[in-house]
>>> print(open('structure23.cif').read())   # mmCIF, C-alpha atoms and all ligand atoms
data_coords
loop_
_atom_site.group_PDB
_atom_site.id
_atom_site.type_symbol
_atom_site.label_atom_id
_atom_site.label_comp_id
_atom_site.auth_asym_id
_atom_site.auth_seq_id
_atom_site.Cartn_x
_atom_site.Cartn_y
_atom_site.Cartn_z
ATOM 1 C CA MET I 50 12.017 -15.918 12.830
ATOM 2 C CA PRO I 51 12.202 -14.366 16.286
ATOM 3 C CA ASN I 52 12.114 -10.593 16.234
ATOM 4 C CA PRO I 53 15.772 -9.500 16.721
ATOM 5 C CA PHE I 54 14.579 -6.495 18.690
ATOM 6 C CA ARG I 55 13.082 -8.864 21.260
ATOM 7 C CA ILE I 56 15.953 -11.326 21.863
ATOM 8 C CA ASP I 57 18.986 -11.132 24.143
ATOM 9 C CA GLY I 58 22.356 -10.048 22.853
ATOM 10 C CA ASN I 59 24.263 -7.015 21.646
ATOM 11 C CA TRP I 60 24.153 -5.148 18.350
ATOM 12 C CA TYR I 61 27.230 -5.490 16.128
ATOM 13 C CA LYS I 62 27.789 -3.438 12.978
ATOM 14 C CA GLY I 63 29.381 -5.095 9.981
ATOM 15 C CA ASN I 64 30.006 -5.181 6.272
ATOM 16 C CA LEU I 65 29.899 -8.466 4.360
ATOM 17 C CA HIS I 66 30.951 -7.598 0.793
ATOM 18 C CA THR I 67 34.235 -5.742 0.238
ATOM 19 C CA HIS I 68 37.016 -5.900 -2.352
ATOM 20 C CA THR I 69 40.741 -5.290 -1.971
ATOM 21 C CA THR I 70 43.871 -5.389 -4.113
ATOM 22 C CA VAL I 71 43.673 -9.195 -3.864
ATOM 23 C CA SER I 72 41.203 -8.777 -6.764
ATOM 24 C CA ASP I 73 40.003 -5.473 -8.240
ATOM 25 C CA GLY I 74 39.642 -3.243 -5.143
ATOM 26 C CA ARG I 75 41.787 -0.123 -4.734
ATOM 27 C CA LEU I 76 42.684 -0.590 -1.053
ATOM 28 C CA THR I 77 44.946 -3.305 0.311
ATOM 29 C CA PRO I 78 43.377 -5.708 2.826
ATOM 30 C CA GLN I 79 45.052 -3.767 5.647
ATOM 31 C CA GLU I 80 43.794 -0.423 4.298
ATOM 32 C CA ALA I 81 40.260 -1.835 3.946
ATOM 33 C CA ILE I 82 40.341 -3.049 7.555
ATOM 34 C CA ALA I 83 41.499 0.409 8.666
ATOM 35 C CA ALA I 84 38.636 2.080 6.755
ATOM 36 C CA TYR I 85 36.017 -0.043 8.513
ATOM 37 C CA ALA I 86 37.686 0.280 11.922
ATOM 38 C CA GLN I 87 37.584 4.053 11.467
ATOM 39 C CA GLY I 88 33.905 3.799 10.473
ATOM 40 C CA GLY I 89 33.013 2.205 13.803
ATOM 41 C CA TYR I 90 32.352 -1.275 12.410
ATOM 42 C CA ASP I 91 32.620 -4.384 14.615
ATOM 43 C CA PHE I 92 33.102 -7.071 11.966
ATOM 44 C CA LEU I 93 34.132 -7.304 8.328
ATOM 45 C CA ALA I 94 34.310 -9.863 5.535
ATOM 46 C CA LEU I 95 36.817 -9.215 2.743
ATOM 47 C CA THR I 96 35.221 -10.920 -0.262
ATOM 48 C CA ASP I 97 37.478 -10.699 -3.283
ATOM 49 C CA HIS I 98 36.424 -12.230 -6.600
ATOM 50 C CA ASN I 99 37.064 -15.979 -6.603
ATOM 51 C CA ALA I 100 39.660 -15.616 -3.831
ATOM 52 C CA VAL I 101 39.759 -16.006 -0.058
ATOM 53 C CA VAL I 102 41.940 -13.358 1.603
ATOM 54 C CA ASP I 103 44.497 -14.755 4.052
ATOM 55 C CA TYR I 104 44.011 -12.815 7.295
ATOM 56 C CA ASP I 105 47.274 -14.084 8.825
ATOM 57 C CA GLY I 106 49.663 -11.221 9.509
ATOM 58 C CA LEU I 107 46.985 -8.502 9.237
ATOM 59 C CA ASP I 108 46.156 -6.213 12.166
ATOM 60 C CA PRO I 109 42.375 -6.602 12.658
ATOM 61 C CA GLN I 110 42.261 -3.220 14.476
ATOM 62 C CA GLY I 111 39.556 -4.519 16.789
ATOM 63 C CA LEU I 112 37.383 -5.950 14.001
ATOM 64 C CA THR I 113 36.212 -9.543 13.877
ATOM 65 C CA LEU I 114 37.287 -10.788 10.453
ATOM 66 C CA ILE I 115 34.995 -13.277 8.696
ATOM 67 C CA SER I 116 36.273 -15.301 5.756
ATOM 68 C CA GLY I 117 34.471 -14.756 2.475
ATOM 69 C CA SER I 118 34.554 -14.673 -1.299
ATOM 70 C CA GLU I 119 32.433 -13.443 -4.211
ATOM 71 C CA ILE I 120 32.001 -16.295 -6.663
ATOM 72 C CA ASN I 121 31.263 -15.920 -10.380
ATOM 73 C CA GLY I 122 28.815 -18.127 -12.219
ATOM 74 C CA GLY I 123 27.862 -18.002 -15.877
ATOM 75 C CA THR I 124 25.563 -15.431 -17.418
ATOM 76 C CA GLY I 125 21.902 -15.017 -16.594
ATOM 77 C CA SER I 126 18.902 -14.915 -18.911
ATOM 78 C CA LEU I 127 19.497 -11.240 -19.744
ATOM 79 C CA GLY I 128 23.188 -11.762 -20.350
ATOM 80 C CA GLN I 129 24.188 -10.489 -16.942
ATOM 81 C CA GLN I 130 27.074 -11.664 -14.778
ATOM 82 C CA ILE I 131 26.031 -13.941 -11.923
ATOM 83 C CA HIS I 132 27.726 -13.271 -8.570
ATOM 84 C CA VAL I 133 27.071 -14.948 -5.211
ATOM 85 C CA LEU I 134 28.612 -14.092 -1.823
ATOM 86 C CA ALA I 135 29.973 -16.977 0.244
ATOM 87 C CA LEU I 136 30.899 -16.522 3.927
ATOM 88 C CA GLY I 137 32.629 -18.866 6.350
ATOM 89 C CA LEU I 138 34.933 -20.872 4.097
ATOM 90 C CA ALA I 139 38.609 -21.819 3.908
ATOM 91 C CA THR I 140 39.036 -22.178 0.164
ATOM 92 C CA VAL I 141 37.298 -20.964 -2.988
ATOM 93 C CA PRO I 142 34.323 -23.258 -3.690
ATOM 94 C CA GLU I 143 34.378 -25.469 -6.756
ATOM 95 C CA VAL I 144 31.454 -24.563 -9.010
ATOM 96 C CA PRO I 145 30.210 -25.864 -12.368
ATOM 97 C CA ASP I 146 31.261 -23.932 -15.474
ATOM 98 C CA GLU I 147 28.716 -21.426 -16.786
ATOM 99 C CA SER I 148 26.345 -22.193 -13.916
ATOM 100 C CA SER I 149 22.897 -20.662 -13.454
ATOM 101 C CA TYR I 150 21.959 -18.964 -10.169
ATOM 102 C CA ALA I 151 20.360 -22.178 -8.923
ATOM 103 C CA GLU I 152 23.376 -24.315 -9.864
ATOM 104 C CA LEU I 153 25.856 -21.802 -8.478
ATOM 105 C CA VAL I 154 24.082 -21.364 -5.130
ATOM 106 C CA ALA I 155 23.586 -25.120 -4.719
ATOM 107 C CA ALA I 156 27.315 -25.728 -5.218
ATOM 108 C CA ILE I 157 28.420 -22.841 -2.985
ATOM 109 C CA ALA I 158 25.948 -23.542 -0.164
ATOM 110 C CA ALA I 159 27.467 -26.992 0.327
ATOM 111 C CA GLN I 160 30.964 -25.525 0.742
ATOM 112 C CA CYS I 161 30.463 -22.530 3.068
ATOM 113 C CA GLU I 162 28.561 -21.494 6.185
ATOM 114 C CA LEU I 163 26.216 -19.063 4.477
ATOM 115 C CA CYS I 164 25.642 -17.523 1.046
ATOM 116 C CA PHE I 165 23.473 -14.802 -0.496
ATOM 117 C CA VAL I 166 22.817 -13.369 -3.956
ATOM 118 C CA ALA I 167 24.816 -10.257 -4.865
ATOM 119 C CA HIS I 168 23.358 -7.065 -6.392
ATOM 120 C CA PRO I 169 20.194 -8.381 -8.148
ATOM 121 C CA TYR I 170 19.472 -4.999 -9.791
ATOM 122 C CA TRP I 171 23.016 -4.533 -11.149
ATOM 123 C CA SER I 172 22.831 -8.092 -12.503
ATOM 124 C CA LEU I 173 19.283 -7.611 -13.885
ATOM 125 C CA VAL I 174 18.457 -10.998 -12.439
ATOM 126 C CA THR I 175 14.844 -11.948 -13.064
ATOM 127 C CA PRO I 176 12.429 -13.108 -10.352
ATOM 128 C CA THR I 177 11.986 -16.378 -12.287
ATOM 129 C CA GLU I 178 15.695 -17.137 -11.998
ATOM 130 C CA LEU I 179 15.781 -16.278 -8.281
ATOM 131 C CA LEU I 180 12.630 -18.270 -7.481
ATOM 132 C CA ALA I 181 14.475 -21.409 -8.618
ATOM 133 C CA VAL I 182 17.352 -20.840 -6.176
ATOM 134 C CA GLN I 183 17.629 -22.911 -3.004
ATOM 135 C CA GLY I 184 20.257 -22.936 -0.272
ATOM 136 C CA HIS I 185 20.907 -19.197 0.118
ATOM 137 C CA VAL I 186 19.715 -17.071 3.045
ATOM 138 C CA GLY I 187 18.896 -13.879 1.159
ATOM 139 C CA ILE I 188 19.767 -11.210 -1.363
ATOM 140 C CA GLU I 189 21.456 -7.824 -1.305
ATOM 141 C CA VAL I 190 18.659 -5.300 -0.856
ATOM 142 C CA TYR I 191 21.245 -2.489 -1.154
ATOM 143 C CA ASN I 192 24.732 -2.276 -2.676
ATOM 144 C CA THR I 193 26.738 0.946 -2.256
ATOM 145 C CA THR I 194 28.964 0.539 -5.304
ATOM 146 C CA CYS I 195 26.057 -0.328 -7.614
ATOM 147 C CA GLN I 196 24.283 2.811 -6.369
ATOM 148 C CA PHE I 197 27.319 5.103 -6.605
ATOM 149 C CA SER I 198 28.440 3.858 -10.029
ATOM 150 C CA ILE I 199 25.249 3.168 -12.010
ATOM 151 C CA ALA I 200 22.343 4.105 -9.667
ATOM 152 C CA ARG I 201 21.182 0.484 -9.438
ATOM 153 C CA GLY I 202 21.882 -0.181 -5.783
ATOM 154 C CA HIS I 203 18.343 -0.853 -4.556
ATOM 155 C CA SER I 204 16.860 -4.345 -5.048
ATOM 156 C CA ASN I 205 13.863 -4.238 -2.681
ATOM 157 C CA PHE I 206 11.421 -4.838 -5.551
ATOM 158 C CA VAL I 207 12.763 -8.292 -6.365
ATOM 159 C CA TRP I 208 13.084 -9.074 -2.632
ATOM 160 C CA ASP I 209 9.362 -8.365 -2.207
ATOM 161 C CA ILE I 210 8.490 -10.607 -5.149
ATOM 162 C CA LEU I 211 10.380 -13.476 -3.498
ATOM 163 C CA LEU I 212 8.750 -12.766 -0.118
ATOM 164 C CA ALA I 213 5.308 -12.631 -1.743
ATOM 165 C CA HIS I 214 5.986 -16.131 -3.068
ATOM 166 C CA GLY I 215 6.479 -17.260 0.512
ATOM 167 C CA GLN I 216 10.275 -17.512 0.422
ATOM 168 C CA GLN I 217 11.850 -16.648 3.770
ATOM 169 C CA LEU I 218 14.835 -14.566 2.682
ATOM 170 C CA TRP I 219 16.823 -11.842 4.416
ATOM 171 C CA GLY I 220 17.882 -8.470 2.974
ATOM 172 C CA PHE I 221 21.557 -7.478 3.184
ATOM 173 C CA ALA I 222 22.979 -3.967 2.751
ATOM 174 C CA VAL I 223 26.619 -4.114 1.651
ATOM 175 C CA ASP I 224 29.292 -1.838 0.216
ATOM 176 C CA ASP I 225 30.871 -4.074 -2.447
ATOM 177 C CA ALA I 226 33.582 -1.411 -2.149
ATOM 178 C CA HIS I 227 36.158 -1.046 -4.908
ATOM 179 C CA ARG I 228 36.992 2.692 -4.881
ATOM 180 C CA PRO I 229 38.050 4.503 -1.682
ATOM 181 C CA GLU I 230 34.803 6.472 -1.330
ATOM 182 C CA GLU I 231 32.742 3.262 -1.305
ATOM 183 C CA TYR I 232 34.215 1.766 1.885
ATOM 184 C CA ALA I 233 32.384 2.017 5.250
ATOM 185 C CA GLN I 234 29.015 3.222 3.902
ATOM 186 C CA ALA I 235 26.359 0.483 4.219
ATOM 187 C CA LEU I 236 25.971 -2.035 7.026
ATOM 188 C CA VAL I 237 24.158 -4.895 8.584
ATOM 189 C CA MET I 238 23.414 -4.493 12.307
ATOM 190 C CA VAL I 239 23.407 -7.945 13.869
ATOM 191 C CA LYS I 240 21.934 -9.010 17.217
ATOM 192 C CA SER I 241 24.276 -11.632 18.632
ATOM 193 C CA THR I 242 25.451 -12.931 21.976
ATOM 194 C CA GLU I 243 29.073 -12.330 20.943
ATOM 195 C CA ASN I 244 31.174 -10.844 18.162
ATOM 196 C CA SER I 245 32.792 -14.054 16.915
ATOM 197 C CA PRO I 246 32.643 -15.322 13.313
ATOM 198 C CA ALA I 247 30.559 -18.353 14.335
ATOM 199 C CA ALA I 248 28.060 -16.324 16.369
ATOM 200 C CA ILE I 249 27.724 -13.597 13.722
ATOM 201 C CA LEU I 250 27.207 -16.131 10.921
ATOM 202 C CA ALA I 251 24.626 -18.011 12.991
ATOM 203 C CA ALA I 252 22.735 -14.772 13.710
ATOM 204 C CA LEU I 253 22.861 -13.789 10.025
ATOM 205 C CA ALA I 254 21.497 -17.193 9.002
ATOM 206 C CA ARG I 255 18.562 -16.726 11.407
ATOM 207 C CA GLY I 256 17.823 -13.216 10.144
ATOM 208 C CA HIS I 257 18.712 -11.553 13.430
ATOM 209 C CA PHE I 258 19.772 -8.286 11.832
ATOM 210 C CA TYR I 259 18.627 -5.233 9.951
ATOM 211 C CA ALA I 260 20.254 -3.492 6.994
ATOM 212 C CA SER I 261 20.974 0.192 6.495
ATOM 213 C CA HIS I 262 22.973 2.851 4.733
ATOM 214 C CA GLY I 263 21.919 5.558 7.148
ATOM 215 C CA PRO I 264 19.027 5.301 9.612
ATOM 216 C CA GLU I 265 19.205 3.276 12.821
ATOM 217 C CA ILE I 266 16.310 1.095 13.984
ATOM 218 C CA TYR I 267 16.007 0.966 17.782
ATOM 219 C CA ASP I 268 12.901 -1.142 18.239
ATOM 220 C CA ILE I 269 10.048 -2.820 16.387
ATOM 221 C CA THR I 270 7.147 -4.320 18.267
ATOM 222 C CA ILE I 271 3.480 -5.097 17.703
ATOM 223 C CA GLU I 272 0.570 -4.132 19.884
ATOM 224 C CA ARG I 273 -3.121 -4.730 19.091
ATOM 225 C CA GLU I 274 -2.477 -5.158 15.348
ATOM 226 C CA GLU I 275 -0.325 -2.064 15.170
ATOM 227 C CA VAL I 276 3.402 -1.934 14.529
ATOM 228 C CA ILE I 277 5.384 0.402 16.758
ATOM 229 C CA VAL I 278 8.746 1.559 15.435
ATOM 230 C CA HIS I 279 11.481 3.547 17.173
ATOM 231 C CA CYS I 280 14.354 4.804 15.028
ATOM 232 C CA SER I 281 16.782 7.652 14.371
ATOM 233 C CA PRO I 282 15.176 10.767 12.811
ATOM 234 C CA ALA I 283 13.159 9.711 9.749
ATOM 235 C CA ARG I 284 10.958 11.380 7.181
ATOM 236 C CA GLN I 285 9.072 8.164 6.331
ATOM 237 C CA ILE I 286 8.389 4.861 8.064
ATOM 238 C CA ALA I 287 6.612 2.116 6.130
ATOM 239 C CA VAL I 288 5.206 -1.256 7.098
ATOM 240 C CA ILE I 289 5.340 -3.466 4.003
ATOM 241 C CA GLN I 290 3.626 -6.819 3.587
ATOM 242 C CA PRO I 291 4.618 -8.376 0.297
ATOM 243 C CA ALA I 292 1.789 -10.810 -0.427
ATOM 244 C CA PRO I 293 -0.342 -11.813 -3.400
ATOM 245 C CA GLY I 294 -3.555 -9.895 -3.848
ATOM 246 C CA LEU I 295 -4.695 -6.337 -3.482
ATOM 247 C CA GLY I 296 -4.932 -4.097 -0.499
ATOM 248 C CA ARG I 297 -2.485 -5.727 1.842
ATOM 249 C CA THR I 298 0.668 -3.981 0.926
ATOM 250 C CA THR I 299 1.855 -0.896 2.726
ATOM 251 C CA ASP I 300 1.021 1.538 5.455
ATOM 252 C CA ARG I 301 3.242 4.536 5.762
ATOM 253 C CA LEU I 302 3.730 7.583 7.886
ATOM 254 C CA GLN I 303 5.150 10.695 6.312
ATOM 255 C CA GLN I 304 5.322 14.015 8.026
ATOM 256 C CA ALA I 305 7.613 16.908 8.762
ATOM 257 C CA PRO I 306 9.751 17.577 10.675
ATOM 258 C CA PRO I 307 11.637 14.272 11.020
ATOM 259 C CA PHE I 308 10.197 11.986 13.694
ATOM 260 C CA GLU I 309 11.658 9.114 15.740
ATOM 261 C CA GLN I 310 8.700 6.844 16.368
ATOM 262 C CA ALA I 311 5.571 5.704 14.579
ATOM 263 C CA ARG I 312 2.523 3.527 15.199
ATOM 264 C CA LEU I 313 1.165 1.994 12.002
ATOM 265 C CA PRO I 314 -1.684 -0.456 11.344
ATOM 266 C CA LEU I 315 -0.657 -3.940 10.298
ATOM 267 C CA PRO I 316 -2.685 -4.442 7.092
ATOM 268 C CA SER I 317 -2.900 -8.251 7.474
ATOM 269 C CA PRO I 318 -2.125 -9.404 11.031
ATOM 270 C CA GLU I 319 -1.567 -13.021 9.949
ATOM 271 C CA LEU I 320 1.184 -12.222 7.413
ATOM 272 C CA PRO I 321 4.860 -11.379 7.885
ATOM 273 C CA PHE I 322 5.806 -7.750 7.462
ATOM 274 C CA ARG I 323 8.978 -5.745 7.047
ATOM 275 C CA VAL I 324 9.740 -2.145 8.046
ATOM 276 C CA GLU I 325 11.474 0.378 5.816
ATOM 277 C CA ILE I 326 12.732 3.747 7.062
ATOM 278 C CA ILE I 327 13.873 6.759 5.009
ATOM 279 C CA ASP I 328 15.770 9.655 6.559
ATOM 280 C CA SER I 329 15.865 13.287 5.452
ATOM 281 C CA GLU I 330 18.775 12.576 3.083
ATOM 282 C CA GLY I 331 16.902 9.744 1.359
ATOM 283 C CA ARG I 332 18.961 7.012 2.991
ATOM 284 C CA LYS I 333 17.163 3.827 4.007
ATOM 285 C CA ALA I 334 17.084 1.088 6.628
ATOM 286 C CA TRP I 335 15.308 -2.245 6.120
ATOM 287 C CA SER I 336 14.174 -4.708 8.767
ATOM 288 C CA ASN I 337 13.963 -8.359 7.837
ATOM 289 C CA PRO I 338 10.488 -9.876 7.527
ATOM 290 C CA ILE I 339 8.954 -10.379 10.962
ATOM 291 C CA PHE I 340 6.142 -12.828 11.667
ATOM 292 C CA PRO I 341 3.383 -11.341 13.850
ATOM 293 C CA GLU I 342 2.777 -14.504 15.888
ATOM 294 C CA GLU I 343 6.410 -14.427 17.014
ATOM 295 C CA MET I 344 6.130 -10.845 18.238
ATOM 296 C CA GLN I 345 3.864 -11.484 21.190
HETATM 297 ZN ZN ZN I 401 29.589 -8.605 -7.914
HETATM 298 ZN ZN ZN I 402 31.642 -7.440 -5.337
#
>>> encode(input="structure23.cif", output="structure tokens")
Amino acid sequence: MPNPFRIDGNWYKGNLHTHTTVSDGRLTPQEAIAAYAQGGYDFLALTDHNAVVDYDGLDPQGLTLISGSEINGGTGSLGQQIHVLALGLATVPEVPDESSYAELVAAIAAQCELCFVAHPYWSLVTPTELLAVQGHVGIEVYNTTCQFSIARGHSNFVWDILLAHGQQLWGFAVDDAHRPEEYAQALVMVKSTENSPAAILAALARGHFYASHGPEIYDITIEREEVIVHCSPARQIAVIQPAPGLGRTTDRLQQAPPFEQARLPLPSPELPFRVEIIDSEGRKAWSNPIFPEEMQ
């Protein structure tokens, strides 16, 4: 995919997984909108369980509202609940009873603009199950509520397994907010020509975004087989190349005090890489995989 830091457009901050009193969230749709407006977000998808929130009559408070829903499937191989996020849809998708991830995503993908797998770590979804899935654009690499409630918010390990198998999938950071303290925490920062639902969904599908629950990424570029990163103050910047085999995994820079730029060797110049940033409070930002030949 084209490097989002090297294409025209503006950056828009959004959250794509949020619950309200329409299902099991504590805030009403209007209160949830207010929380994200106050948090400086540009767009929001309210994604209640097996429901599509009617935005008619709500004050968007400057936010672009994107239709969405979190759809339940059956149970996975470890007995977990299967959840998939669907965006850009008018009604709740019809899905087979007790569907697997692959069956659920196949059904949902045909009935919405874009879908991705929710909270892999919370669900204990196995790489084998996810490798069989087709039709989604990515997985949640971070989920605020899963982190706050049971410390299983980070799913970068399974993302890297999928990337190492050659799957081109994007990493989403979302709130999945239910309780008041979980709203307006994580985000995706999307590069788009405009802040409309169609343009945002198209940019998300192409991977023109990065994910974060803290640090900001200002620029990523490549120069003579080195990756140059500019970001908000960080304590660690890593270039990660998930690929089979030894020795082509990660280069990192770690130093004190916090720094705002780094130049790191690209271990394998022919392979895609992603950048991960950690700030002094342990919060992370994740770029999507970037393909070196598209950086020039
Ligand atoms: Zn869920
Ligand atoms: Zn949820």
>>> residues_near_ligand(input="structure23.cif", ligand="ligand ZN 402 (chain I)", cutoff="9 Å", atoms="all atoms listed in the file", output="CSV table (one decimal) with C-alpha atoms, in the coordinates of the input")
chain,number,residue,atom,x,y,z
I,66,HIS,CA,31.0,-7.6,0.8
I,67,THR,CA,34.2,-5.7,0.2
I,68,HIS,CA,37.0,-5.9,-2.4
I,96,THR,CA,35.2,-10.9,-0.3
I,97,ASP,CA,37.5,-10.7,-3.3
I,98,HIS,CA,36.4,-12.2,-6.6
I,118,SER,CA,34.6,-14.7,-1.3
I,119,GLU,CA,32.4,-13.4,-4.2
I,120,ILE,CA,32.0,-16.3,-6.7
I,132,HIS,CA,27.7,-13.3,-8.6
I,133,VAL,CA,27.1,-14.9,-5.2
I,134,LEU,CA,28.6,-14.1,-1.8
I,167,ALA,CA,24.8,-10.3,-4.9
I,168,HIS,CA,23.4,-7.1,-6.4
I,194,THR,CA,29.0,0.5,-5.3
I,224,ASP,CA,29.3,-1.8,0.2
I,225,ASP,CA,30.9,-4.1,-2.4
I,226,ALA,CA,33.6,-1.4,-2.1
I,227,HIS,CA,36.2,-1.0,-4.9
>>> residues_around(input="structure23.cif", residues="Leu253 in chain I", least_positions_apart="3", cutoff="10 Å", atoms="only C-alpha atoms", output="JSON, numbers by chain")
{"I": [163, 186, 187, 219, 221, 237, 238, 239, 240, 241, 247, 248, 249, 250, 256, 257, 258, 259]}
>>> residues_around(input="structure23.cif", residues="Phe92 in chain I", least_positions_apart="5", cutoff="9 Å", atoms="all atoms listed in the file", output="PDB file with C-alpha atoms, keeping the file's coordinate frame")
ATOM      1  CA  TYR I  61      27.230  -5.490  16.128  1.00  0.00           C
ATOM      2  CA  LYS I  62      27.789  -3.438  12.978  1.00  0.00           C
ATOM      3  CA  GLY I  63      29.381  -5.095   9.981  1.00  0.00           C
ATOM      4  CA  ASN I  64      30.006  -5.181   6.272  1.00  0.00           C
ATOM      5  CA  LEU I  65      29.899  -8.466   4.360  1.00  0.00           C
ATOM      6  CA  TYR I  85      36.017  -0.043   8.513  1.00  0.00           C
ATOM      7  CA  ALA I  86      37.686   0.280  11.922  1.00  0.00           C
ATOM      8  CA  GLY I 111      39.556  -4.519  16.789  1.00  0.00           C
ATOM      9  CA  LEU I 112      37.383  -5.950  14.001  1.00  0.00           C
ATOM     10  CA  THR I 113      36.212  -9.543  13.877  1.00  0.00           C
ATOM     11  CA  LEU I 114      37.287 -10.788  10.453  1.00  0.00           C
ATOM     12  CA  ILE I 115      34.995 -13.277   8.696  1.00  0.00           C
ATOM     13  CA  ASN I 244      31.174 -10.844  18.162  1.00  0.00           C
ATOM     14  CA  SER I 245      32.792 -14.054  16.915  1.00  0.00           C
ATOM     15  CA  PRO I 246      32.643 -15.322  13.313  1.00  0.00           C
ATOM     16  CA  ILE I 249      27.724 -13.597  13.722  1.00  0.00           C
TER      17      ILE I 249
END
>>> closest_residue(input="structure23.cif", among="I:Ala139, I:Ala155, I:Val223, I:Val278", to="Thr193 in chain I", atoms="all atoms listed in the file")
I:Val223
>>> closest_residue(input="structure23.cif", among="I:Arg273, I:Ser149, I:Asp105, I:Pro53", to="Leu127 in chain I", atoms="only C-alpha atoms")
I:Ser149
>>> axis_aligned_box(input="structure23.cif", around="range 112-129 of chain I", padding_each_side="4 Å", output="JSON")
{"center_x": 28.1, "center_y": -12.0, "center_z": -3.2, "size_x": 26.5, "size_y": 20.2, "size_z": 42.4}
>>> decode(input="structure23.cif", residues="range 255-268 of chain I", atoms="N, CA and C atoms", output="mmCIF file, in the first residue's frame")
data_model
loop_
_atom_site.group_PDB
_atom_site.id
_atom_site.type_symbol
_atom_site.label_atom_id
_atom_site.label_comp_id
_atom_site.auth_asym_id
_atom_site.auth_seq_id
_atom_site.Cartn_x
_atom_site.Cartn_y
_atom_site.Cartn_z
ATOM 1 N N ARG I 255 -7.744 0.940 2.481
ATOM 2 C CA ARG I 255 -6.420 0.957 1.839
ATOM 3 C C ARG I 255 -5.275 0.945 2.852
ATOM 4 N N GLY I 256 -5.597 1.036 4.126
ATOM 5 C CA GLY I 256 -4.545 1.049 5.145
ATOM 6 C C GLY I 256 -3.893 2.396 5.336
ATOM 7 N N HIS I 257 -4.562 3.452 4.918
ATOM 8 C CA HIS I 257 -3.986 4.795 5.035
ATOM 9 C C HIS I 257 -4.221 5.368 6.432
ATOM 10 N N PHE I 258 -3.690 4.709 7.430
ATOM 11 C CA PHE I 258 -3.873 5.188 8.801
ATOM 12 C C PHE I 258 -2.823 4.563 9.706
ATOM 13 N N TYR I 259 -2.689 5.125 10.900
ATOM 14 C CA TYR I 259 -1.951 4.427 11.948
ATOM 15 C C TYR I 259 -2.837 4.359 13.184
ATOM 16 N N ALA I 260 -2.457 3.512 14.120
ATOM 17 C CA ALA I 260 -3.248 3.285 15.329
ATOM 18 C C ALA I 260 -2.450 3.732 16.542
ATOM 19 N N SER I 261 -3.160 4.152 17.593
ATOM 20 C CA SER I 261 -2.442 4.634 18.774
ATOM 21 C C SER I 261 -3.355 4.655 19.993
ATOM 22 N N HIS I 262 -2.741 4.570 21.178
ATOM 23 C CA HIS I 262 -3.448 4.999 22.383
ATOM 24 C C HIS I 262 -2.568 5.968 23.158
ATOM 25 N N GLY I 263 -1.746 6.701 22.416
ATOM 26 C CA GLY I 263 -0.902 7.709 23.050
ATOM 27 C C GLY I 263 -0.030 8.453 22.053
ATOM 28 N N PRO I 264 1.084 7.830 21.627
ATOM 29 C CA PRO I 264 2.039 8.566 20.790
ATOM 30 C C PRO I 264 1.460 8.967 19.425
ATOM 31 N N GLU I 265 2.006 10.050 18.891
ATOM 32 C CA GLU I 265 1.668 10.484 17.532
ATOM 33 C C GLU I 265 2.844 10.154 16.610
ATOM 34 N N ILE I 266 2.520 9.697 15.399
ATOM 35 C CA ILE I 266 3.551 9.476 14.380
ATOM 36 C C ILE I 266 3.439 10.606 13.366
ATOM 37 N N TYR I 267 4.536 11.337 13.155
ATOM 38 C CA TYR I 267 4.516 12.472 12.230
ATOM 39 C C TYR I 267 4.995 12.092 10.831
ATOM 40 N N ASP I 268 5.948 11.180 10.770
ATOM 41 C CA ASP I 268 6.476 10.826 9.446
ATOM 42 C C ASP I 268 7.234 9.504 9.519
#
